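So this one's structure16.csv, CSV, C-alpha atoms:
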```csv
chain,number,residue,atom,x,y,z
A,1,MET,CA,0.0,0.0,0.0
A,2,GLU,CA,2.8,2.3,0.9
A,3,LEU,CA,4.5,1.5,-2.4
A,4,LEU,CA,1.4,2.2,-4.3
A,5,ALA,CA,1.1,5.5,-2.6
A,6,ILE,CA,4.6,6.5,-3.6
A,7,PHE,CA,4.0,5.4,-7.2
A,8,ILE,CA,0.7,7.2,-7.7
A,9,SER,CA,1.9,10.4,-5.9
A,10,ALA,CA,5.0,10.5,-8.1
A,11,ILE,CA,2.8,10.3,-11.2
A,12,LEU,CA,-0.1,12.5,-10.4
A,13,ILE,CA,0.3,14.6,-7.3
A,14,ASN,CA,4.0,15.4,-7.0
A,15,ASN,CA,4.5,15.3,-10.8
A,16,PHE,CA,8.1,16.1,-11.6
A,17,VAL,CA,7.2,18.7,-14.2
A,18,LEU,CA,4.1,20.3,-12.8
A,19,HIS,CA,4.9,20.2,-9.1
A,20,TYR,CA,8.7,20.2,-8.8
A,21,PHE,CA,9.4,22.1,-12.0
A,22,LEU,CA,12.1,19.6,-12.9
A,23,GLY,CA,12.8,18.8,-16.6
A,24,ILE,CA,11.2,22.0,-17.9
A,25,CYS,CA,13.7,22.3,-20.7
A,26,PRO,CA,12.8,19.1,-22.5
A,27,PHE,CA,9.2,19.7,-21.5
A,28,LEU,CA,9.1,22.9,-23.4
A,29,GLY,CA,11.6,22.0,-26.1
A,30,VAL,CA,10.5,18.5,-27.1
A,31,SER,CA,6.8,18.8,-26.8
A,32,LYS,CA,5.9,20.0,-30.3
A,33,LYS,CA,5.0,16.6,-31.7
A,34,ILE,CA,3.5,13.6,-29.9
A,35,ASP,CA,5.9,11.0,-31.4
A,36,SER,CA,9.0,12.8,-30.2
A,37,ALA,CA,7.4,13.5,-26.8
A,38,VAL,CA,6.7,9.7,-26.4
A,39,SER,CA,10.3,8.9,-27.3
A,40,MET,CA,11.7,11.5,-24.9
A,41,GLY,CA,9.4,10.3,-22.1
A,42,LEU,CA,10.5,6.7,-22.6
A,43,ALA,CA,14.2,7.6,-22.6
A,44,VAL,CA,13.7,9.6,-19.4
A,45,THR,CA,11.8,6.9,-17.7
A,46,PHE,CA,14.5,4.4,-18.6
A,47,VAL,CA,17.4,6.5,-17.4
A,48,MET,CA,15.5,7.6,-14.3
A,49,THR,CA,14.9,4.0,-13.2
A,50,ILE,CA,18.6,3.1,-13.7
A,51,THR,CA,19.7,6.3,-12.0
A,52,ALA,CA,17.5,5.6,-9.0
A,53,ILE,CA,19.0,2.1,-8.6
A,54,VAL,CA,22.7,3.2,-9.0
A,55,SER,CA,22.5,6.4,-7.0
A,56,TRP,CA,20.9,4.5,-4.1
A,57,ILE,CA,23.6,1.9,-4.1
A,58,ILE,CA,26.4,4.6,-4.3
A,59,ASN,CA,24.7,6.7,-1.6
A,60,HIS,CA,24.0,3.9,0.8
A,61,TRP,CA,27.1,1.7,0.3
A,62,ILE,CA,29.8,4.2,-0.3
A,63,LEU,CA,28.9,7.8,0.6
A,64,LEU,CA,26.9,7.3,3.9
A,65,PRO,CA,29.2,4.6,5.5
A,66,PHE,CA,32.3,6.8,5.0
A,67,ASN,CA,30.6,10.1,5.9
A,68,LEU,CA,31.0,11.5,2.4
A,69,GLU,CA,27.6,13.1,2.1
A,70,TYR,CA,29.2,16.4,0.9
A,71,LEU,CA,30.3,14.5,-2.3
A,72,GLN,CA,26.7,13.7,-3.2
A,73,ILE,CA,26.3,16.4,-5.7
A,74,VAL,CA,29.6,15.7,-7.6
A,75,SER,CA,29.1,11.9,-7.5
A,76,PHE,CA,25.4,12.0,-8.6
A,77,ILE,CA,26.2,14.2,-11.6
A,78,LEU,CA,29.1,12.0,-12.6
A,79,ILE,CA,26.9,8.8,-12.2
A,80,ILE,CA,24.3,10.3,-14.4
A,81,ALA,CA,26.7,11.5,-17.1
A,82,SER,CA,28.4,8.1,-17.3
A,83,LEU,CA,25.2,6.2,-17.1
A,84,VAL,CA,23.7,8.1,-20.0
A,85,GLN,CA,26.9,7.4,-22.0
A,86,LEU,CA,26.7,3.6,-21.1
A,87,VAL,CA,23.0,3.3,-21.8
A,88,GLU,CA,23.6,5.0,-25.2
A,89,MET,CA,26.4,2.5,-26.1
A,90,PHE,CA,24.4,-0.4,-24.9
A,91,ILE,CA,21.2,0.5,-26.8
A,92,ARG,CA,23.2,1.2,-29.9
A,93,LYS,CA,24.6,-2.3,-29.9
A,94,SER,CA,21.6,-4.3,-28.6
A,95,SER,CA,18.6,-2.5,-30.2
A,96,PRO,CA,19.3,-0.3,-33.2
A,97,PRO,CA,15.6,0.5,-33.7
A,98,LEU,CA,15.2,1.8,-30.2
A,99,TYR,CA,18.4,3.8,-30.6
A,100,GLN,CA,17.0,5.3,-33.8
A,101,ALA,CA,13.8,6.2,-32.1
A,102,LEU,CA,15.5,7.9,-29.1
A,103,GLY,CA,18.0,9.6,-31.3
A,104,ILE,CA,19.4,12.9,-30.0
A,105,TYR,CA,17.3,12.8,-26.9
A,106,LEU,CA,19.4,10.3,-25.1
A,107,PRO,CA,22.6,12.5,-24.7
A,108,LEU,CA,20.4,15.5,-23.8
A,109,ILE,CA,19.1,13.6,-20.8
A,110,THR,CA,22.4,14.3,-19.0
A,111,THR,CA,21.5,17.9,-18.5
A,112,ASN,CA,17.9,17.1,-17.7
A,113,CYS,CA,17.4,18.3,-14.1
A,114,ALA,CA,14.7,15.8,-13.6
A,115,ILE,CA,17.3,13.0,-13.4
A,116,MET,CA,19.5,14.8,-10.9
A,117,GLY,CA,16.4,15.9,-9.0
A,118,LEU,CA,15.3,12.3,-8.7
A,119,ALA,CA,18.6,11.2,-7.3
A,120,LEU,CA,18.6,14.1,-4.8
A,121,LEU,CA,15.0,13.8,-3.8
A,122,ALA,CA,15.3,10.1,-3.2
A,123,ALA,CA,18.3,10.7,-1.0
A,124,LEU,CA,16.4,13.5,0.8
A,125,LYS,CA,13.3,11.4,1.5
A,126,ASN,CA,15.4,8.5,2.9
A,127,TYR,CA,13.6,5.9,0.8
A,128,ASN,CA,14.7,2.3,1.1
A,129,PHE,CA,15.9,0.5,-2.0
A,130,VAL,CA,12.5,-0.8,-3.2
A,131,GLU,CA,10.8,2.6,-2.6
A,132,THR,CA,13.6,4.4,-4.5
A,133,VAL,CA,13.0,2.1,-7.5
A,134,ILE,CA,9.2,2.6,-7.4
A,135,PHE,CA,9.8,6.4,-7.0
A,136,GLY,CA,12.1,6.3,-10.1
A,137,VAL,CA,9.6,4.5,-12.3
A,138,GLY,CA,6.7,6.5,-11.1
A,139,SER,CA,8.5,9.8,-11.7
A,140,GLY,CA,9.4,8.7,-15.2
A,141,VAL,CA,5.8,7.7,-16.0
A,142,GLY,CA,4.7,11.1,-14.6
A,143,PHE,CA,7.1,12.9,-16.8
A,144,THR,CA,6.0,11.0,-19.8
A,145,LEU,CA,2.4,11.7,-19.0
A,146,ALA,CA,3.0,15.4,-18.7
A,147,ILE,CA,5.1,15.8,-21.8
A,148,VAL,CA,2.7,13.7,-24.0
A,149,LEU,CA,-0.3,15.6,-22.8
A,150,MET,CA,1.5,18.8,-23.5
A,151,ALA,CA,2.5,17.7,-27.0
A,152,GLY,CA,-1.1,16.8,-27.7
A,153,ILE,CA,-2.3,20.2,-26.7
A,154,ARG,CA,0.5,22.0,-28.6
A,155,GLU,CA,-0.4,20.1,-31.8
A,156,GLN,CA,-3.9,21.6,-31.5
A,157,LEU,CA,-2.5,25.0,-30.5
A,158,ASP,CA,-0.8,25.3,-33.9
A,159,LEU,CA,-4.2,25.9,-35.4
A,160,ALA,CA,-5.4,28.3,-32.8
A,161,ASP,CA,-5.3,32.0,-33.0
A,162,VAL,CA,-2.8,33.0,-30.4
A,163,PRO,CA,-1.8,36.6,-29.8
A,164,GLU,CA,1.4,37.4,-31.6
A,165,PRO,CA,3.7,38.1,-28.5
A,166,LEU,CA,2.5,35.0,-26.7
A,167,LYS,CA,3.4,32.6,-29.6
A,168,GLY,CA,5.9,29.9,-28.7
A,169,ALA,CA,7.2,29.7,-25.2
A,170,GLY,CA,4.6,32.2,-23.7
A,171,ILE,CA,1.5,30.2,-24.6
A,172,ALA,CA,3.3,26.9,-23.8
A,173,LEU,CA,4.0,28.2,-20.2
A,174,ILE,CA,0.4,29.3,-19.8
A,175,VAL,CA,-0.9,26.0,-21.0
A,176,ALA,CA,1.5,24.3,-18.5
A,177,GLY,CA,0.0,26.5,-15.8
A,178,ILE,CA,-3.5,25.4,-16.6
A,179,MET,CA,-2.3,21.8,-16.7
A,180,ALA,CA,-0.7,22.2,-13.3
A,181,LEU,CA,-4.0,23.6,-12.0
A,182,GLY,CA,-5.8,20.6,-13.4
A,183,PHE,CA,-3.3,18.2,-11.7
A,184,PHE,CA,-4.1,19.9,-8.4
A,185,GLY,CA,-7.3,18.1,-8.5
A,186,PHE,CA,-5.5,14.9,-7.7
A,187,SER,CA,-3.8,16.3,-4.5
A,188,GLY,CA,-6.5,15.0,-2.2
A,189,MET,CA,-6.1,11.4,-3.4
A,190,ILE,CA,-3.4,10.5,-0.9
A,191,LYS,CA,-2.8,12.0,2.5
B,1,MET,CA,32.7,38.5,-31.3
B,2,ALA,CA,35.9,39.6,-29.6
B,3,SER,CA,35.5,43.0,-31.1
B,4,LYS,CA,32.4,43.8,-29.0
B,5,PRO,CA,33.1,46.6,-26.5
B,6,LEU,CA,33.3,45.4,-22.9
B,7,SER,CA,30.3,47.4,-21.7
B,8,GLN,CA,28.2,45.6,-24.3
B,9,GLU,CA,29.5,42.2,-23.1
B,10,PHE,CA,28.0,43.2,-19.8
B,11,THR,CA,24.7,44.7,-20.7
B,12,LYS,CA,23.7,41.9,-23.2
B,13,GLY,CA,23.0,39.7,-20.2
B,14,LEU,CA,20.4,42.2,-18.9
B,15,TRP,CA,18.1,42.5,-21.8
B,16,GLY,CA,19.2,41.4,-25.3
B,17,GLU,CA,20.4,37.9,-24.2
B,18,ASN,CA,18.7,37.7,-20.8
B,19,PRO,CA,19.2,34.1,-19.8
B,20,ILE,CA,15.6,33.6,-18.6
B,21,PHE,CA,13.4,35.9,-20.7
B,22,ARG,CA,15.4,35.5,-24.0
B,23,GLN,CA,17.3,32.2,-23.9
B,24,LEU,CA,14.8,30.4,-21.8
B,25,LEU,CA,17.6,28.7,-19.9
B,26,GLY,CA,17.6,27.6,-16.3
B,27,MET,CA,13.8,27.5,-16.1
B,28,CYS,CA,13.6,24.9,-13.3
B,29,PRO,CA,15.0,27.0,-10.4
B,30,THR,CA,13.4,30.1,-11.8
B,31,LEU,CA,9.9,28.6,-11.6
B,32,ALA,CA,10.5,26.6,-8.4
B,33,VAL,CA,11.9,29.1,-6.0
B,34,THR,CA,10.2,32.3,-6.9
B,35,ASN,CA,7.3,31.9,-4.5
B,36,ALA,CA,8.9,34.4,-2.2
B,37,VAL,CA,11.3,37.3,-2.8
B,38,ILE,CA,13.8,36.0,-0.2
B,39,ASN,CA,14.0,32.6,-1.9
B,40,GLY,CA,14.5,34.3,-5.2
B,41,ILE,CA,17.4,36.5,-3.8
B,42,ALA,CA,19.1,33.5,-2.2
B,43,MET,CA,18.8,31.5,-5.4
B,44,SER,CA,20.2,34.2,-7.6
B,45,LEU,CA,23.1,34.9,-5.2
B,46,ALA,CA,24.0,31.2,-5.1
B,47,THR,CA,23.7,30.9,-8.9
B,48,SER,CA,25.7,34.0,-9.5
B,49,PHE,CA,28.5,32.8,-7.2
B,50,VAL,CA,28.7,29.5,-9.0
B,51,LEU,CA,28.5,31.1,-12.5
B,52,ILE,CA,31.1,33.7,-11.8
B,53,PHE,CA,33.6,31.4,-10.2
B,54,SER,CA,33.1,28.6,-12.7
B,55,SER,CA,33.6,31.1,-15.6
B,56,LEU,CA,36.8,32.3,-13.9
B,57,VAL,CA,38.2,28.7,-13.5
B,58,VAL,CA,37.1,27.5,-16.9
B,59,ALA,CA,38.4,30.5,-18.7
B,60,SER,CA,41.8,30.2,-16.9
B,61,ILE,CA,42.3,26.5,-17.6
B,62,LYS,CA,40.6,26.2,-21.0
B,63,LYS,CA,43.9,25.5,-22.7
B,64,LEU,CA,44.6,22.5,-20.4
B,65,ILE,CA,41.3,20.7,-21.1
B,66,PRO,CA,41.2,18.3,-24.0
B,67,SER,CA,38.1,19.1,-26.1
B,68,GLN,CA,36.7,15.6,-25.9
B,69,VAL,CA,36.3,15.7,-22.2
B,70,ARG,CA,35.5,19.4,-21.8
B,71,ILE,CA,31.8,19.0,-20.9
B,72,ALA,CA,32.7,16.5,-18.1
B,73,SER,CA,35.4,18.8,-16.9
B,74,TYR,CA,33.1,21.8,-16.8
B,75,ILE,CA,30.6,19.8,-14.8
B,76,VAL,CA,33.1,18.8,-12.2
B,77,VAL,CA,34.2,22.5,-11.8
B,78,ILE,CA,30.6,23.6,-11.5
B,79,ALA,CA,29.7,20.8,-9.1
B,80,SER,CA,32.6,21.7,-6.8
B,81,PHE,CA,31.4,25.3,-6.6
B,82,VAL,CA,27.8,24.2,-6.1
B,83,THR,CA,28.9,22.0,-3.2
B,84,MET,CA,30.6,25.0,-1.6
B,85,ALA,CA,27.4,27.1,-2.0
B,86,ASP,CA,25.2,24.4,-0.7
B,87,ARG,CA,27.4,23.7,2.4
B,88,PHE,CA,27.8,27.5,3.0
B,89,LEU,CA,24.0,28.0,3.0
B,90,ALA,CA,23.4,24.9,5.2
B,91,ALA,CA,25.9,26.2,7.7
B,92,PHE,CA,25.0,29.9,7.9
B,93,PHE,CA,21.4,30.1,6.7
B,94,PRO,CA,19.7,26.9,7.7
B,95,PRO,CA,16.1,28.1,7.2
B,96,ILE,CA,16.9,29.3,3.6
B,97,SER,CA,18.7,26.1,2.8
B,98,LYS,CA,15.7,24.2,4.0
B,99,ASN,CA,13.3,26.3,2.0
B,100,LEU,CA,15.3,25.8,-1.2
B,101,GLY,CA,15.7,22.1,-0.6
B,102,PRO,CA,17.1,20.2,-3.5
B,103,TYR,CA,17.1,23.3,-5.8
B,104,ILE,CA,20.5,24.5,-4.5
B,105,PRO,CA,22.3,21.2,-5.5
B,106,LEU,CA,20.3,21.4,-8.8
B,107,ILE,CA,22.3,24.5,-9.8
B,108,VAL,CA,24.7,21.9,-11.2
B,109,VAL,CA,22.3,21.1,-14.0
B,110,ASN,CA,21.2,24.7,-14.5
B,111,CYS,CA,21.7,25.1,-18.2
B,112,ILE,CA,22.7,28.8,-17.9
B,113,ILE,CA,26.0,27.9,-16.2
B,114,LEU,CA,27.0,25.1,-18.5
B,115,GLY,CA,25.8,27.1,-21.4
B,116,ARG,CA,28.0,30.1,-20.6
B,117,GLN,CA,31.0,27.9,-20.1
B,118,GLU,CA,30.5,26.1,-23.5
B,119,ALA,CA,29.5,29.2,-25.4
B,120,PHE,CA,31.7,31.9,-23.9
B,121,SER,CA,34.3,31.1,-21.2
B,122,SER,CA,35.9,28.3,-23.3
B,123,LYS,CA,36.6,30.7,-26.1
B,124,ASN,CA,37.3,34.1,-24.4
B,125,SER,CA,39.8,35.6,-22.1
B,126,VAL,CA,39.5,35.5,-18.3
B,127,GLY,CA,38.5,39.2,-18.0
B,128,ARG,CA,35.9,39.0,-20.7
B,129,SER,CA,34.4,35.8,-19.3
B,130,LEU,CA,34.1,37.4,-15.9
B,131,ILE,CA,32.3,40.4,-17.3
B,132,ASP,CA,30.0,38.1,-19.3
B,133,ALA,CA,29.4,36.0,-16.1
B,134,PHE,CA,28.6,39.2,-14.1
B,135,GLY,CA,26.2,40.4,-16.8
B,136,MET,CA,24.4,37.0,-17.0
B,137,SER,CA,24.2,36.8,-13.2
B,138,LEU,CA,22.7,40.2,-13.0
B,139,GLY,CA,20.2,39.3,-15.7
B,140,PHE,CA,19.2,36.2,-13.9
B,141,THR,CA,18.9,38.0,-10.6
B,142,LEU,CA,16.7,40.7,-12.3
B,143,ALA,CA,14.4,38.1,-13.8
B,144,LEU,CA,14.1,36.2,-10.5
B,145,LEU,CA,13.4,39.4,-8.6
B,146,VAL,CA,10.7,40.5,-11.0
B,147,LEU,CA,9.1,37.1,-11.0
B,148,SER,CA,9.2,36.5,-7.2
B,149,SER,CA,8.0,40.0,-6.5
B,150,ILE,CA,4.9,39.6,-8.6
B,151,ARG,CA,4.2,36.2,-7.1
B,152,GLU,CA,4.8,37.2,-3.5
B,153,ILE,CA,2.8,40.4,-3.8
B,154,LEU,CA,-0.2,38.8,-5.5
B,155,GLY,CA,0.1,35.6,-3.6
B,156,THR,CA,0.4,36.8,0.0
B,157,GLY,CA,0.1,40.6,-0.2
B,158,THR,CA,3.7,41.0,1.1
B,159,TRP,CA,7.1,41.9,-0.2
B,160,LEU,CA,10.1,40.4,1.5
B,161,GLY,CA,7.8,39.7,4.4
B,162,HIS,CA,6.5,43.3,4.7
B,163,GLN,CA,2.8,44.0,4.2
B,164,VAL,CA,2.4,46.1,1.0
B,165,LEU,CA,-1.2,45.6,0.2
B,166,GLY,CA,-3.9,46.5,2.6
B,167,SER,CA,-6.3,44.2,4.4
B,168,TRP,CA,-8.8,44.7,1.6
B,169,PHE,CA,-6.6,42.5,-0.5
B,170,GLU,CA,-7.6,38.8,-0.7
B,171,PRO,CA,-4.4,36.9,-1.5
B,172,TRP,CA,-4.4,34.9,-4.7
B,173,ILE,CA,-3.1,31.6,-3.2
B,174,ILE,CA,-2.6,30.2,-6.7
B,175,MET,CA,0.3,32.6,-7.3
B,176,ILE,CA,2.5,31.0,-4.8
B,177,LEU,CA,1.6,27.5,-5.9
B,178,PRO,CA,3.1,25.8,-9.0
B,179,PRO,CA,0.5,26.9,-11.5
B,180,GLY,CA,1.1,30.6,-10.6
B,181,ALA,CA,4.8,30.2,-11.6
B,182,PHE,CA,3.9,29.0,-15.1
B,183,LEU,CA,1.2,31.6,-15.6
B,184,THR,CA,3.3,34.5,-14.4
B,185,LEU,CA,6.3,33.6,-16.5
B,186,GLY,CA,4.2,32.9,-19.6
B,187,ILE,CA,2.5,36.3,-19.4
B,188,LEU,CA,5.8,38.1,-18.6
B,189,LEU,CA,7.4,36.5,-21.7
B,190,GLY,CA,4.5,37.9,-23.7
B,191,ILE,CA,4.9,41.4,-22.2
B,192,ILE,CA,8.6,41.4,-22.9
B,193,ILE,CA,8.2,40.5,-26.5
B,194,LEU,CA,5.5,43.1,-26.8
B,195,ILE,CA,7.8,45.8,-25.4
B,196,ASP,CA,10.5,44.7,-27.7
B,197,GLN,CA,8.3,44.9,-30.8
B,198,LYS,CA,7.2,48.4,-29.7
B,199,LEU,CA,10.9,49.5,-29.3
B,200,GLN,CA,11.8,48.1,-32.7
B,201,ARG,CA,8.9,49.7,-34.4
B,202,SER,CA,9.8,53.1,-32.9
B,203,LYS,CA,13.4,52.9,-34.1
```
Re-express the file's structure as structure tokens.
Amino acid sequence: MELLAIFISAILINNFVLHYFLGICPFLGVSKKIDSAVSMGLAVTFVMTITAIVSWIINHWILLPFNLEYLQIVSFILIIASLVQLVEMFIRKSSPPLYQALGIYLPLITTNCAIMGLALLAALKNYNFVETVIFGVGSGVGFTLAIVLMAGIREQLDLADVPEPLKGAGIALIVAGIMALGFFGFSGMIK
Amino acid sequence: MASKPLSQEFTKGLWGENPIFRQLLGMCPTLAVTNAVINGIAMSLATSFVLIFSSLVVASIKKLIPSQVRIASYIVVIASFVTMADRFLAAFFPPISKNLGPYIPLIVVNCIILGRQEAFSSKNSVGRSLIDAFGMSLGFTLALLVLSSIREILGTGTWLGHQVLGSWFEPWIIMILPPGAFLTLGILLGIIILIDQKLQRSK
């Protein structure tokens, strides 16, 4: 039950994009078409899950036992950068179609603050191993949900009559605001 | 690029290439911490510190870094300064550090900082990079200040904790919640483009 609560709250209530404001750059940059939004979402979910696992292991087996918490920031960012590199090489060898589909989005994930935020938040919340993994998957699904919804709205928005100065980023942010407002409706679901 | 006068190198960060309003970089901390002016100020000071010192270091050692590993090297430099800022805030200003939570460590992945290193400090002299970093920091501070002022005044009727609107004012709670951040920034972007168009037309 506890795990289900973490999962659902990571997707709907504490959505990474709409509640923590993490991963805004890809959220605004890659949300023009549904196809690319889906690929980006999948890539992020994938990396998030692996990051959650590896950062937990490093944090609990190396940093905490040796009182090296102050190295958290440096080590997390290095873990993420090298993980993304490894994942990229692995996918290129093992599944060329997936590699094609993810394309340029994979390397971009290194600078996605959602990944770094996940590692930091999981450490901050003191989750155990299973909780961290669930939190990672849930956050990834939440990110995918938000970016795909956004892409769907923006495809329609192309046809709409938007005031000239608001075109592009302006209207995208306002739409995101209204979406965040909608997601507030979920906040009563879990105490 | 190198022929630009130094003053222009400084002022471009304020308006023409303002990191937030123009380049749309570093949106995450911008949106997340601007629910109160004090948080906005703390965030911009921390970010400015990291940006200025990272630019200084990167510009001084740029000849030593092989270009294949430059991004990784920049990240390590940035991460070291972020750790300093994070520890400093935690030691001297615990309440602010608690308010900002994971967003101080997240300065590491603030695209403004890495972006300036890659686009500017790695190609320009130390002095010029410092001026550029100061300009960008000031632009970032300005943007955060505007955003957090609007949100705090409308959201709670206060500015930096002082009551500015009378008791007749019913606070718009929504402004200090996440949706308010998106809406305020979206509308601000529109206003800035509008002003720019007016300026260009009058030229």
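If all atoms listed in the file are the atoms counted, then among A:Gly188, A:Gly182, A:Pro165, A:Gly170 the closest residue to Gln197 in chain B is A:Pro165.
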Would you give me, as an mmCIF file with C-alpha atoms, in the coordinates of the input, the residues of chain B that come within 10 Å of chain A, using all atoms listed in the file?
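Writing done, so here's iface-v6.cif:
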```
data_model
loop_
_atom_site.group_PDB
_atom_site.id
_atom_site.type_symbol
_atom_site.label_atom_id
_atom_site.label_comp_id
_atom_site.auth_asym_id
_atom_site.auth_seq_id
_atom_site.Cartn_x
_atom_site.Cartn_y
_atom_site.Cartn_z
ATOM 1 C CA PHE B 21 13.400 35.900 -20.700
ATOM 2 C CA LEU B 24 14.800 30.400 -21.800
ATOM 3 C CA LEU B 25 17.600 28.700 -19.900
ATOM 4 C CA GLY B 26 17.600 27.600 -16.300
ATOM 5 C CA MET B 27 13.800 27.500 -16.100
ATOM 6 C CA CYS B 28 13.600 24.900 -13.300
ATOM 7 C CA PRO B 29 15.000 27.000 -10.400
ATOM 8 C CA THR B 30 13.400 30.100 -11.800
ATOM 9 C CA LEU B 31 9.900 28.600 -11.600
ATOM 10 C CA ALA B 32 10.500 26.600 -8.400
ATOM 11 C CA VAL B 33 11.900 29.100 -6.000
ATOM 12 C CA ILE B 71 31.800 19.000 -20.900
ATOM 13 C CA ALA B 72 32.700 16.500 -18.100
ATOM 14 C CA ILE B 75 30.600 19.800 -14.800
ATOM 15 C CA VAL B 76 33.100 18.800 -12.200
ATOM 16 C CA VAL B 77 34.200 22.500 -11.800
ATOM 17 C CA ILE B 78 30.600 23.600 -11.500
ATOM 18 C CA ALA B 79 29.700 20.800 -9.100
ATOM 19 C CA SER B 80 32.600 21.700 -6.800
ATOM 20 C CA PHE B 81 31.400 25.300 -6.600
ATOM 21 C CA VAL B 82 27.800 24.200 -6.100
ATOM 22 C CA THR B 83 28.900 22.000 -3.200
ATOM 23 C CA MET B 84 30.600 25.000 -1.600
ATOM 24 C CA ASP B 86 25.200 24.400 -0.700
ATOM 25 C CA ARG B 87 27.400 23.700 2.400
ATOM 26 C CA GLY B 101 15.700 22.100 -0.600
ATOM 27 C CA PRO B 102 17.100 20.200 -3.500
ATOM 28 C CA TYR B 103 17.100 23.300 -5.800
ATOM 29 C CA PRO B 105 22.300 21.200 -5.500
ATOM 30 C CA LEU B 106 20.300 21.400 -8.800
ATOM 31 C CA ILE B 107 22.300 24.500 -9.800
ATOM 32 C CA VAL B 108 24.700 21.900 -11.200
ATOM 33 C CA VAL B 109 22.300 21.100 -14.000
ATOM 34 C CA ASN B 110 21.200 24.700 -14.500
ATOM 35 C CA CYS B 111 21.700 25.100 -18.200
ATOM 36 C CA LEU B 114 27.000 25.100 -18.500
ATOM 37 C CA ILE B 174 -2.600 30.200 -6.700
ATOM 38 C CA LEU B 177 1.600 27.500 -5.900
ATOM 39 C CA PRO B 178 3.100 25.800 -9.000
ATOM 40 C CA PRO B 179 0.500 26.900 -11.500
ATOM 41 C CA GLY B 180 1.100 30.600 -10.600
ATOM 42 C CA ALA B 181 4.800 30.200 -11.600
ATOM 43 C CA PHE B 182 3.900 29.000 -15.100
ATOM 44 C CA LEU B 183 1.200 31.600 -15.600
ATOM 45 C CA THR B 184 3.300 34.500 -14.400
ATOM 46 C CA LEU B 185 6.300 33.600 -16.500
ATOM 47 C CA GLY B 186 4.200 32.900 -19.600
ATOM 48 C CA ILE B 187 2.500 36.300 -19.400
ATOM 49 C CA LEU B 188 5.800 38.100 -18.600
ATOM 50 C CA LEU B 189 7.400 36.500 -21.700
ATOM 51 C CA GLY B 190 4.500 37.900 -23.700
ATOM 52 C CA ILE B 191 4.900 41.400 -22.200
ATOM 53 C CA ILE B 192 8.600 41.400 -22.900
ATOM 54 C CA ILE B 193 8.200 40.500 -26.500
ATOM 55 C CA LEU B 194 5.500 43.100 -26.800
ATOM 56 C CA ILE B 195 7.800 45.800 -25.400
ATOM 57 C CA ASP B 196 10.500 44.700 -27.700
ATOM 58 C CA GLN B 197 8.300 44.900 -30.800
#
```
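Within the 6 Å cut-off around range 138-145 of chain A, using all atoms listed in the file and omitting residues fewer than 3 positions from it on the same chain, the listed residues are Phe7, Ala10, Ile11, Asn15, Gly41, Thr45, Ile134, Phe135 and Val148 of chain A.
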Problem set entry | Interatomic distance (Å, one decimal) between CA of Phe129 in chain A and CA of Ala85 in chain B | 29.0 Å
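Reported to one decimal place, the separation of CA of Leu144 in chain B from CA of Ser60 in chain B is 29.1 Å.
The space between CA of Lys63 in chain B and CA of Lys12 in chain B spans 26.0 Å.
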Nearby residues, (25.1, 3.9, -12.7) file frame, 6 Å, all atoms listed in the file, as a short mmCIF file (atom, residue, chain, number, x, y, z; two decimals) with C-alpha atoms, keeping the file's coordinate frame:
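Writing the result to out.cif gives the following:
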```cif
data_model
loop_
_atom_site.label_atom_id
_atom_site.label_comp_id
_atom_site.auth_asym_id
_atom_site.auth_seq_id
_atom_site.Cartn_x
_atom_site.Cartn_y
_atom_site.Cartn_z
CA THR A 51 19.70 6.30 -12.00
CA VAL A 54 22.70 3.20 -9.00
CA ILE A 79 26.90 8.80 -12.20
CA LEU A 83 25.20 6.20 -17.10
#
```
Exercise. Neighbours of Phe140 in chain B within 9 Å (all atoms listed in the file; same-chain residues fewer than 6 positions away dropped), as a ChimeraX atom specification?
Worked result: /B:13-14,18-21,30,44,47-48
Problem set entry | Spatial neighbours of Val146 in chain B, max dist 10 Å, all atoms listed in the file, sep filter under 3 positions, as a PyMOL selection string | chain B and resi 34+37+40+140-143+149-151+185+188
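Residues in contact range of Glu9 in chain B, defined as at most 8 Å between only C-alpha atoms, with sequence neighbours fewer than 4 positions away removed, read Lys4, Pro5, Gly13, Arg128, Ile131, Asp132 and Gly135 of chain B.
The smallest atom-to-atom distance between Lys98 in chain B and any of B:Ile173, B:Gly139, B:Ser55, B:Ala42, using all atoms listed in the file, is found for B:Ala42.
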